[in-house]
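Worksheet: one structure, shown below.
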Protein chains: 2
Amino acid sequence: MRIMGIDPGTNITGVGIIEVDARGEPDLCHYGCIRTSRSAKRPVRLQQIYRELADIIGRFQPDAIALEDIFYSDNIKTAIVMGEARGVTLLAAVNTGVEPAEYSPREVKLAVVGRGNASKDQVQFMVRQILGLREEIKPADAADALAVALCHFNRIRQEIRRSK
Amino acid sequence: MRIMGIDPGTNITGVGIIEVDARGEPDLCHYGCIRTSRSAKRPVRLQQIYRELADIIGRFQPDAIALEDIFYSDNIKTAIVMGEARGVTLLAAVNTGVEPAEYSPREVKLAVVGRGNASKDQVQFMVRQILGLREEIKPADAADALAVALCHFNRIRQEIRRSK
């Protein structure tokens, strides 16, 4: 089973894909990011995010897609721009036939670090531990995307255990 | 020349299309709205908005598309959800080869009513006056969409006059 996490943003959209191996443990499959040009107009940047996400989804064929349901922001303008990137991300998922799952930042941190108020560094550290990665995951958006994928994996594993 | 205005929203997306006639005056071409089911999940609703907008754009082939660049909201959550609908709207425009123009609510009201702080009712009244419509434009989102289209028409007319 392949799970894709996405951390959408107009400047950088992080993506992370994990593969659940035969023992039921998560392995790294792919991580990276989509960077858009700051000089490009917003609609064109959204188009780039949508196209590259659709391309990655087509290439890796994830069985599930998860992202954070971020409902906080410093200000309204940032929130709307953030929402625009989320909109095309959700569309890219649903247009490829995968209904995206959404988790709060607290749920993601709780699943990966065990503490709902964990720092970004702690999330990065634990994602590397869980997936056995020596190198730092760059950019941080990709580590966040892998964390969401691991959160979804955790949820699925819990559901399987409960149903046994 | 055909100009399409869009007022994006997760529940109701208003659309309004005007046609500039041989005398250079705006006539009504089409107005309506896309309603999504409140019981459907957000990604599915975004997909519906995107698909129906792409369908309307394909059917009416507007030369220009305009929407309000709303950067205010009562709260962050509403702003992000609003941004999601805007994101797929901008994508529908740019994916059909039309780069969307954006106007502030103040610019739209100024162009249609002549006052930047005009009420919704005044906008509705003036849109009907300009387009010679007897009936009330329902829903209000369609009237807002027509107002944005008229605002864009106004901008184009000013530019043509300036270049003469």
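Every chain in the structure tokens takes a letter, A first, then B, and so on in the order presented; its residues are numbered from 1, and the ligands are numbered from 1 following the presented order.
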
Counting only C-alpha atoms, which residues of chain A come no farther than 6 Å from chain B, as a CSV table (one decimal) with all heavy atoms, in the first residue's frame?
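Wrote it out as part_12.csv, contents follow:
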chain,number,residue,atom,x,y,z
A,43,PRO,N,-2.7,32.6,-10.6
A,43,PRO,CA,-3.4,31.5,-11.3
A,43,PRO,C,-2.4,30.6,-12.0
A,43,PRO,O,-2.7,29.4,-12.0
A,43,PRO,CB,-4.2,32.3,-12.3
A,43,PRO,CG,-4.4,33.7,-11.7
A,43,PRO,CD,-3.1,33.9,-11.0
A,47,GLN,N,-1.8,26.6,-11.4
A,47,GLN,CA,-1.9,25.6,-12.5
A,47,GLN,C,-0.7,24.7,-12.4
A,47,GLN,O,-0.8,23.5,-12.6
A,47,GLN,CB,-1.9,26.4,-13.8
A,47,GLN,CG,-2.1,25.5,-15.0
A,47,GLN,CD,-2.1,26.3,-16.3
A,47,GLN,OE1,-1.3,27.2,-16.5
A,47,GLN,NE2,-3.0,26.0,-17.2
A,71,PHE,N,-6.4,25.2,9.6
A,71,PHE,CA,-7.5,26.2,9.8
A,71,PHE,C,-7.0,27.3,10.7
A,71,PHE,O,-7.7,27.8,11.5
A,71,PHE,CB,-8.8,25.6,10.3
A,71,PHE,CG,-9.5,24.8,9.2
A,71,PHE,CD1,-9.9,23.5,9.3
A,71,PHE,CD2,-9.7,25.5,7.9
A,71,PHE,CE1,-10.6,22.9,8.3
A,71,PHE,CE2,-10.4,24.8,6.9
A,71,PHE,CZ,-10.8,23.5,7.1
A,72,TYR,N,-5.7,27.6,10.5
A,72,TYR,CA,-5.2,28.8,11.3
A,72,TYR,C,-4.2,29.5,10.3
A,72,TYR,O,-3.7,28.9,9.3
A,72,TYR,CB,-4.4,28.3,12.5
A,72,TYR,CG,-3.2,27.5,12.2
A,72,TYR,CD1,-2.0,28.0,11.8
A,72,TYR,CD2,-3.3,26.1,12.2
A,72,TYR,CE1,-0.9,27.3,11.5
A,72,TYR,CE2,-2.2,25.3,11.8
A,72,TYR,CZ,-1.0,25.9,11.5
A,72,TYR,OH,0.1,25.1,11.1
A,76,ILE,N,-5.9,37.0,7.3
A,76,ILE,CA,-6.9,36.6,6.4
A,76,ILE,C,-6.3,36.4,5.0
A,76,ILE,O,-6.6,35.5,4.3
A,76,ILE,CB,-8.1,37.6,6.4
A,76,ILE,CG1,-8.7,37.7,7.8
A,76,ILE,CG2,-9.1,37.3,5.3
A,76,ILE,CD1,-9.6,36.4,8.1
A,77,LYS,N,-5.5,37.4,4.5
A,77,LYS,CA,-5.0,37.3,3.2
A,77,LYS,C,-4.2,36.1,3.0
A,77,LYS,O,-4.3,35.3,2.0
A,77,LYS,CB,-4.1,38.6,2.9
A,77,LYS,CG,-3.6,38.6,1.5
A,77,LYS,CD,-3.1,39.9,1.0
A,77,LYS,CE,-2.6,39.8,-0.4
A,77,LYS,NZ,-2.4,41.0,-1.1
A,79,ALA,N,-4.4,33.4,4.6
A,79,ALA,CA,-5.4,32.2,4.7
A,79,ALA,C,-6.0,32.0,3.4
A,79,ALA,O,-6.2,30.8,3.0
A,79,ALA,CB,-6.4,32.5,5.8
A,80,ILE,N,-6.4,33.0,2.7
A,80,ILE,CA,-7.1,32.8,1.4
A,80,ILE,C,-6.1,32.3,0.4
A,80,ILE,O,-6.5,31.3,-0.4
A,80,ILE,CB,-7.8,34.1,0.9
A,80,ILE,CG1,-8.9,34.5,1.9
A,80,ILE,CG2,-8.3,34.0,-0.5
A,80,ILE,CD1,-9.7,35.7,1.5
A,83,GLY,N,-5.6,28.8,1.1
A,83,GLY,CA,-6.8,28.1,0.7
A,83,GLY,C,-6.8,27.8,-0.8
A,83,GLY,O,-7.1,26.7,-1.2
A,84,GLU,N,-6.3,28.7,-1.6
A,84,GLU,CA,-6.2,28.5,-3.1
A,84,GLU,C,-5.3,27.3,-3.4
A,84,GLU,O,-5.7,26.5,-4.3
A,84,GLU,CB,-5.7,29.8,-3.7
A,84,GLU,CG,-6.7,30.9,-3.7
A,84,GLU,CD,-6.2,32.2,-4.3
A,84,GLU,OE1,-5.0,32.3,-4.7
A,84,GLU,OE2,-6.9,33.2,-4.4
A,86,ARG,N,-4.6,24.8,-1.4
A,86,ARG,CA,-5.3,23.7,-0.9
A,86,ARG,C,-6.4,23.2,-1.9
A,86,ARG,O,-6.6,22.0,-2.1
A,86,ARG,CB,-6.0,24.0,0.4
A,86,ARG,CG,-5.0,23.9,1.6
A,86,ARG,CD,-5.8,24.2,2.9
A,86,ARG,NE,-6.9,23.1,3.1
A,86,ARG,CZ,-6.6,21.9,3.5
A,86,ARG,NH1,-5.4,21.6,3.9
A,86,ARG,NH2,-7.6,21.0,3.6
A,87,GLY,N,-7.1,24.2,-2.4
A,87,GLY,CA,-8.2,23.9,-3.4
A,87,GLY,C,-7.7,23.1,-4.6
A,87,GLY,O,-8.3,22.1,-4.9
A,88,VAL,N,-6.6,23.5,-5.2
A,88,VAL,CA,-6.1,22.8,-6.4
A,88,VAL,C,-5.5,21.5,-6.0
A,88,VAL,O,-5.5,20.5,-6.7
A,88,VAL,CB,-5.2,23.6,-7.2
A,88,VAL,CG1,-5.9,24.9,-7.7
A,88,VAL,CG2,-3.9,24.0,-6.5
A,90,LEU,N,-6.6,19.5,-3.4
A,90,LEU,CA,-7.8,18.6,-3.2
A,90,LEU,C,-8.3,18.2,-4.5
A,90,LEU,O,-8.7,17.0,-4.7
A,90,LEU,CB,-8.8,19.3,-2.3
A,90,LEU,CG,-8.5,19.6,-0.9
A,90,LEU,CD1,-9.5,20.6,-0.2
A,90,LEU,CD2,-8.4,18.3,0.0
A,91,LEU,N,-8.4,19.1,-5.4
A,91,LEU,CA,-8.9,18.8,-6.8
A,91,LEU,C,-8.0,17.8,-7.5
A,91,LEU,O,-8.5,16.8,-8.1
A,91,LEU,CB,-9.0,20.1,-7.6
A,91,LEU,CG,-9.7,19.9,-9.0
A,91,LEU,CD1,-11.2,19.6,-8.8
A,91,LEU,CD2,-9.5,21.2,-9.8

Over all C-alpha pairs taken in sequence order, what does chain A look like after a least-squares fit onto chain B? Please give it as a PDB file with C-alpha atoms, in the first residue's frame.
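For reference, selection-v8.pdb as written:
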ATOM      1  CA  MET A   1     -16.420  40.549 -26.977  1.00  0.00           C
ATOM      2  CA  ARG A   2     -17.650  38.331 -24.192  1.00  0.00           C
ATOM      3  CA  ILE A   3     -16.700  38.889 -20.531  1.00  0.00           C
ATOM      4  CA  MET A   4     -17.402  36.370 -17.782  1.00  0.00           C
ATOM      5  CA  GLY A   5     -17.536  37.317 -14.115  1.00  0.00           C
ATOM      6  CA  ILE A   6     -17.330  34.689 -11.382  1.00  0.00           C
ATOM      7  CA  ASP A   7     -18.186  34.964  -7.685  1.00  0.00           C
ATOM      8  CA  PRO A   8     -16.700  31.756  -6.271  1.00  0.00           C
ATOM      9  CA  GLY A   9     -17.986  30.052  -3.134  1.00  0.00           C
ATOM     10  CA  THR A  10     -18.129  26.494  -1.813  1.00  0.00           C
ATOM     11  CA  ASN A  11     -21.944  26.581  -1.447  1.00  0.00           C
ATOM     12  CA  ILE A  12     -22.863  28.826  -4.379  1.00  0.00           C
ATOM     13  CA  THR A  13     -20.644  30.077  -7.199  1.00  0.00           C
ATOM     14  CA  GLY A  14     -22.268  32.886  -9.150  1.00  0.00           C
ATOM     15  CA  VAL A  15     -21.521  33.300 -12.851  1.00  0.00           C
ATOM     16  CA  GLY A  16     -22.459  36.152 -15.171  1.00  0.00           C
ATOM     17  CA  ILE A  17     -21.523  36.713 -18.800  1.00  0.00           C
ATOM     18  CA  ILE A  18     -21.945  39.937 -20.748  1.00  0.00           C
ATOM     19  CA  GLU A  19     -21.556  40.557 -24.445  1.00  0.00           C
ATOM     20  CA  VAL A  20     -20.312  43.873 -25.763  1.00  0.00           C
ATOM     21  CA  ASP A  21     -22.509  44.799 -28.719  1.00  0.00           C
ATOM     22  CA  ALA A  22     -21.640  46.613 -31.960  1.00  0.00           C
ATOM     23  CA  ARG A  23     -22.191  50.021 -30.309  1.00  0.00           C
ATOM     24  CA  GLY A  24     -19.740  49.082 -27.560  1.00  0.00           C
ATOM     25  CA  GLU A  25     -22.514  48.657 -24.980  1.00  0.00           C
ATOM     26  CA  PRO A  26     -22.799  45.688 -22.622  1.00  0.00           C
ATOM     27  CA  ASP A  27     -25.710  43.237 -23.040  1.00  0.00           C
ATOM     28  CA  LEU A  28     -26.621  40.280 -20.909  1.00  0.00           C
ATOM     29  CA  CYS A  29     -25.467  36.976 -22.341  1.00  0.00           C
ATOM     30  CA  HIS A  30     -26.017  34.550 -19.446  1.00  0.00           C
ATOM     31  CA  TYR A  31     -26.234  34.359 -15.688  1.00  0.00           C
ATOM     32  CA  GLY A  32     -26.686  31.551 -13.217  1.00  0.00           C
ATOM     33  CA  CYS A  33     -24.985  29.690 -10.436  1.00  0.00           C
ATOM     34  CA  ILE A  34     -23.378  26.435  -9.410  1.00  0.00           C
ATOM     35  CA  ARG A  35     -24.850  24.991  -6.219  1.00  0.00           C
ATOM     36  CA  THR A  36     -23.059  22.189  -4.446  1.00  0.00           C
ATOM     37  CA  SER A  37     -24.639  19.754  -2.020  1.00  0.00           C
ATOM     38  CA  ARG A  38     -23.947  20.606   1.625  1.00  0.00           C
ATOM     39  CA  SER A  39     -23.832  16.886   2.374  1.00  0.00           C
ATOM     40  CA  ALA A  40     -21.018  16.271  -0.135  1.00  0.00           C
ATOM     41  CA  LYS A  41     -17.418  16.345   1.052  1.00  0.00           C
ATOM     42  CA  ARG A  42     -15.387  19.488   0.333  1.00  0.00           C
ATOM     43  CA  PRO A  43     -13.050  17.937  -2.279  1.00  0.00           C
ATOM     44  CA  VAL A  44     -16.078  16.617  -4.211  1.00  0.00           C
ATOM     45  CA  ARG A  45     -17.752  20.036  -4.059  1.00  0.00           C
ATOM     46  CA  LEU A  46     -14.570  21.661  -5.366  1.00  0.00           C
ATOM     47  CA  GLN A  47     -14.513  19.128  -8.185  1.00  0.00           C
ATOM     48  CA  GLN A  48     -18.116  19.990  -9.072  1.00  0.00           C
ATOM     49  CA  ILE A  49     -17.332  23.737  -9.103  1.00  0.00           C
ATOM     50  CA  TYR A  50     -14.285  23.161 -11.301  1.00  0.00           C
ATOM     51  CA  ARG A  51     -16.124  20.910 -13.768  1.00  0.00           C
ATOM     52  CA  GLU A  52     -19.199  23.100 -14.116  1.00  0.00           C
ATOM     53  CA  LEU A  53     -17.091  26.242 -14.537  1.00  0.00           C
ATOM     54  CA  ALA A  54     -14.959  24.516 -17.183  1.00  0.00           C
ATOM     55  CA  ASP A  55     -18.201  23.456 -18.871  1.00  0.00           C
ATOM     56  CA  ILE A  56     -19.680  26.995 -18.857  1.00  0.00           C
ATOM     57  CA  ILE A  57     -16.385  28.487 -20.087  1.00  0.00           C
ATOM     58  CA  GLY A  58     -16.287  25.883 -22.880  1.00  0.00           C
ATOM     59  CA  ARG A  59     -19.894  26.589 -23.822  1.00  0.00           C
ATOM     60  CA  PHE A  60     -19.769  30.407 -23.857  1.00  0.00           C
ATOM     61  CA  GLN A  61     -16.099  30.869 -24.814  1.00  0.00           C
ATOM     62  CA  PRO A  62     -15.548  34.173 -22.976  1.00  0.00           C
ATOM     63  CA  ASP A  63     -12.682  36.363 -24.179  1.00  0.00           C
ATOM     64  CA  ALA A  64     -12.010  37.498 -20.620  1.00  0.00           C
ATOM     65  CA  ILE A  65     -12.737  36.220 -17.119  1.00  0.00           C
ATOM     66  CA  ALA A  66     -12.823  38.392 -13.991  1.00  0.00           C
ATOM     67  CA  LEU A  67     -13.374  37.773 -10.287  1.00  0.00           C
ATOM     68  CA  GLU A  68     -13.143  39.673  -7.033  1.00  0.00           C
ATOM     69  CA  ASP A  69      -9.852  39.426  -5.186  1.00  0.00           C
ATOM     70  CA  ILE A  70     -11.528  39.091  -1.822  1.00  0.00           C
ATOM     71  CA  PHE A  71      -9.033  39.437   0.969  1.00  0.00           C
ATOM     72  CA  TYR A  72     -11.350  39.789   3.914  1.00  0.00           C
ATOM     73  CA  SER A  73     -13.404  37.360   5.920  1.00  0.00           C
ATOM     74  CA  ASP A  74     -14.976  37.006   9.347  1.00  0.00           C
ATOM     75  CA  ASN A  75     -12.590  34.284  10.381  1.00  0.00           C
ATOM     76  CA  ILE A  76      -9.594  32.248   9.248  1.00  0.00           C
ATOM     77  CA  LYS A  77     -11.493  29.000   8.669  1.00  0.00           C
ATOM     78  CA  THR A  78     -14.021  30.702   6.368  1.00  0.00           C
ATOM     79  CA  ALA A  79     -11.134  32.416   4.569  1.00  0.00           C
ATOM     80  CA  ILE A  80      -9.356  29.128   3.846  1.00  0.00           C
ATOM     81  CA  VAL A  81     -12.547  27.449   2.602  1.00  0.00           C
ATOM     82  CA  MET A  82     -13.262  30.535   0.474  1.00  0.00           C
ATOM     83  CA  GLY A  83      -9.696  30.312  -0.838  1.00  0.00           C
ATOM     84  CA  GLU A  84     -10.220  26.683  -1.866  1.00  0.00           C
ATOM     85  CA  ALA A  85     -13.173  27.649  -4.078  1.00  0.00           C
ATOM     86  CA  ARG A  86     -11.146  30.563  -5.503  1.00  0.00           C
ATOM     87  CA  GLY A  87      -8.249  28.195  -6.227  1.00  0.00           C
ATOM     88  CA  VAL A  88     -10.288  25.858  -8.414  1.00  0.00           C
ATOM     89  CA  THR A  89     -11.993  28.855 -10.059  1.00  0.00           C
ATOM     90  CA  LEU A  90      -8.664  30.448 -11.023  1.00  0.00           C
ATOM     91  CA  LEU A  91      -7.510  27.029 -12.252  1.00  0.00           C
ATOM     92  CA  ALA A  92     -10.645  26.542 -14.389  1.00  0.00           C
ATOM     93  CA  ALA A  93      -9.978  29.945 -16.001  1.00  0.00           C
ATOM     94  CA  VAL A  94      -6.271  29.483 -16.654  1.00  0.00           C
ATOM     95  CA  ASN A  95      -6.746  25.857 -17.800  1.00  0.00           C
ATOM     96  CA  THR A  96      -9.050  27.083 -20.552  1.00  0.00           C
ATOM     97  CA  GLY A  97      -6.424  29.565 -21.700  1.00  0.00           C
ATOM     98  CA  VAL A  98      -7.929  32.718 -20.195  1.00  0.00           C
ATOM     99  CA  GLU A  99      -5.854  34.560 -17.621  1.00  0.00           C
ATOM    100  CA  PRO A 100      -8.317  35.810 -14.993  1.00  0.00           C
ATOM    101  CA  ALA A 101      -8.378  39.471 -14.009  1.00  0.00           C
ATOM    102  CA  GLU A 102      -9.006  40.342 -10.363  1.00  0.00           C
ATOM    103  CA  TYR A 103     -10.662  43.408  -8.866  1.00  0.00           C
ATOM    104  CA  SER A 104     -11.183  44.475  -5.283  1.00  0.00           C
ATOM    105  CA  PRO A 105     -14.803  44.676  -4.045  1.00  0.00           C
ATOM    106  CA  ARG A 106     -14.264  48.456  -3.861  1.00  0.00           C
ATOM    107  CA  GLU A 107     -13.247  48.658  -7.530  1.00  0.00           C
ATOM    108  CA  VAL A 108     -16.301  46.625  -8.549  1.00  0.00           C
ATOM    109  CA  LYS A 109     -18.726  48.833  -6.577  1.00  0.00           C
ATOM    110  CA  LEU A 110     -17.034  51.975  -7.837  1.00  0.00           C
ATOM    111  CA  ALA A 111     -17.314  50.803 -11.448  1.00  0.00           C
ATOM    112  CA  VAL A 112     -20.965  49.733 -11.238  1.00  0.00           C
ATOM    113  CA  VAL A 113     -22.534  52.087  -8.686  1.00  0.00           C
ATOM    114  CA  GLY A 114     -19.991  54.905  -8.612  1.00  0.00           C
ATOM    115  CA  ARG A 115     -19.453  54.480  -4.867  1.00  0.00           C
ATOM    116  CA  GLY A 116     -16.836  52.165  -3.361  1.00  0.00           C
ATOM    117  CA  ASN A 117     -18.988  51.430  -0.306  1.00  0.00           C
ATOM    118  CA  ALA A 118     -22.272  50.724  -2.146  1.00  0.00           C
ATOM    119  CA  SER A 119     -24.656  48.127  -0.675  1.00  0.00           C
ATOM    120  CA  LYS A 120     -25.497  44.748  -2.261  1.00  0.00           C
ATOM    121  CA  ASP A 121     -28.961  46.096  -3.171  1.00  0.00           C
ATOM    122  CA  GLN A 122     -27.447  49.091  -4.935  1.00  0.00           C
ATOM    123  CA  VAL A 123     -25.133  46.802  -6.911  1.00  0.00           C
ATOM    124  CA  GLN A 124     -28.118  44.609  -7.891  1.00  0.00           C
ATOM    125  CA  PHE A 125     -30.118  47.695  -8.920  1.00  0.00           C
ATOM    126  CA  MET A 126     -27.344  49.174 -11.053  1.00  0.00           C
ATOM    127  CA  VAL A 127     -26.473  45.864 -12.736  1.00  0.00           C
ATOM    128  CA  ARG A 128     -30.150  45.581 -13.776  1.00  0.00           C
ATOM    129  CA  GLN A 129     -30.183  49.191 -14.981  1.00  0.00           C
ATOM    130  CA  ILE A 130     -27.018  48.850 -17.037  1.00  0.00           C
ATOM    131  CA  LEU A 131     -28.126  45.570 -18.642  1.00  0.00           C
ATOM    132  CA  GLY A 132     -31.804  46.595 -18.966  1.00  0.00           C
ATOM    133  CA  LEU A 133     -33.141  43.689 -16.909  1.00  0.00           C
ATOM    134  CA  ARG A 134     -36.635  43.856 -15.459  1.00  0.00           C
ATOM    135  CA  GLU A 135     -36.388  40.819 -13.211  1.00  0.00           C
ATOM    136  CA  GLU A 136     -34.432  40.556  -9.997  1.00  0.00           C
ATOM    137  CA  ILE A 137     -31.192  38.683 -10.560  1.00  0.00           C
ATOM    138  CA  LYS A 138     -31.233  35.548  -8.405  1.00  0.00           C
ATOM    139  CA  PRO A 139     -29.232  34.405  -6.630  1.00  0.00           C
ATOM    140  CA  ALA A 140     -27.380  37.530  -5.480  1.00  0.00           C
ATOM    141  CA  ASP A 141     -24.120  35.716  -6.316  1.00  0.00           C
ATOM    142  CA  ALA A 142     -25.055  35.902 -10.010  1.00  0.00           C
ATOM    143  CA  ALA A 143     -25.638  39.670  -9.715  1.00  0.00           C
ATOM    144  CA  ASP A 144     -22.214  39.974  -8.051  1.00  0.00           C
ATOM    145  CA  ALA A 145     -20.674  37.965 -10.886  1.00  0.00           C
ATOM    146  CA  LEU A 146     -22.294  40.265 -13.483  1.00  0.00           C
ATOM    147  CA  ALA A 147     -20.995  43.273 -11.526  1.00  0.00           C
ATOM    148  CA  VAL A 148     -17.422  41.951 -11.766  1.00  0.00           C
ATOM    149  CA  ALA A 149     -17.894  41.372 -15.496  1.00  0.00           C
ATOM    150  CA  LEU A 150     -19.150  44.979 -15.871  1.00  0.00           C
ATOM    151  CA  CYS A 151     -16.179  46.217 -13.831  1.00  0.00           C
ATOM    152  CA  HIS A 152     -13.812  44.479 -16.229  1.00  0.00           C
ATOM    153  CA  PHE A 153     -15.713  45.894 -19.197  1.00  0.00           C
ATOM    154  CA  ASN A 154     -15.329  49.363 -17.673  1.00  0.00           C
ATOM    155  CA  ARG A 155     -11.579  48.861 -17.293  1.00  0.00           C
ATOM    156  CA  ILE A 156     -11.209  47.747 -20.895  1.00  0.00           C
ATOM    157  CA  ARG A 157     -13.295  50.690 -22.157  1.00  0.00           C
ATOM    158  CA  GLN A 158     -11.126  53.118 -20.192  1.00  0.00           C
ATOM    159  CA  GLU A 159      -7.981  51.571 -21.653  1.00  0.00           C
ATOM    160  CA  ILE A 160      -9.355  51.821 -25.187  1.00  0.00           C
ATOM    161  CA  ARG A 161     -10.281  55.496 -24.626  1.00  0.00           C
ATOM    162  CA  ARG A 162      -6.875  56.256 -23.171  1.00  0.00           C
ATOM    163  CA  SER A 163      -5.111  54.661 -26.135  1.00  0.00           C
ATOM    164  CA  LYS A 164      -7.118  56.705 -28.665  1.00  0.00           C
TER     165      LYS A 164
END
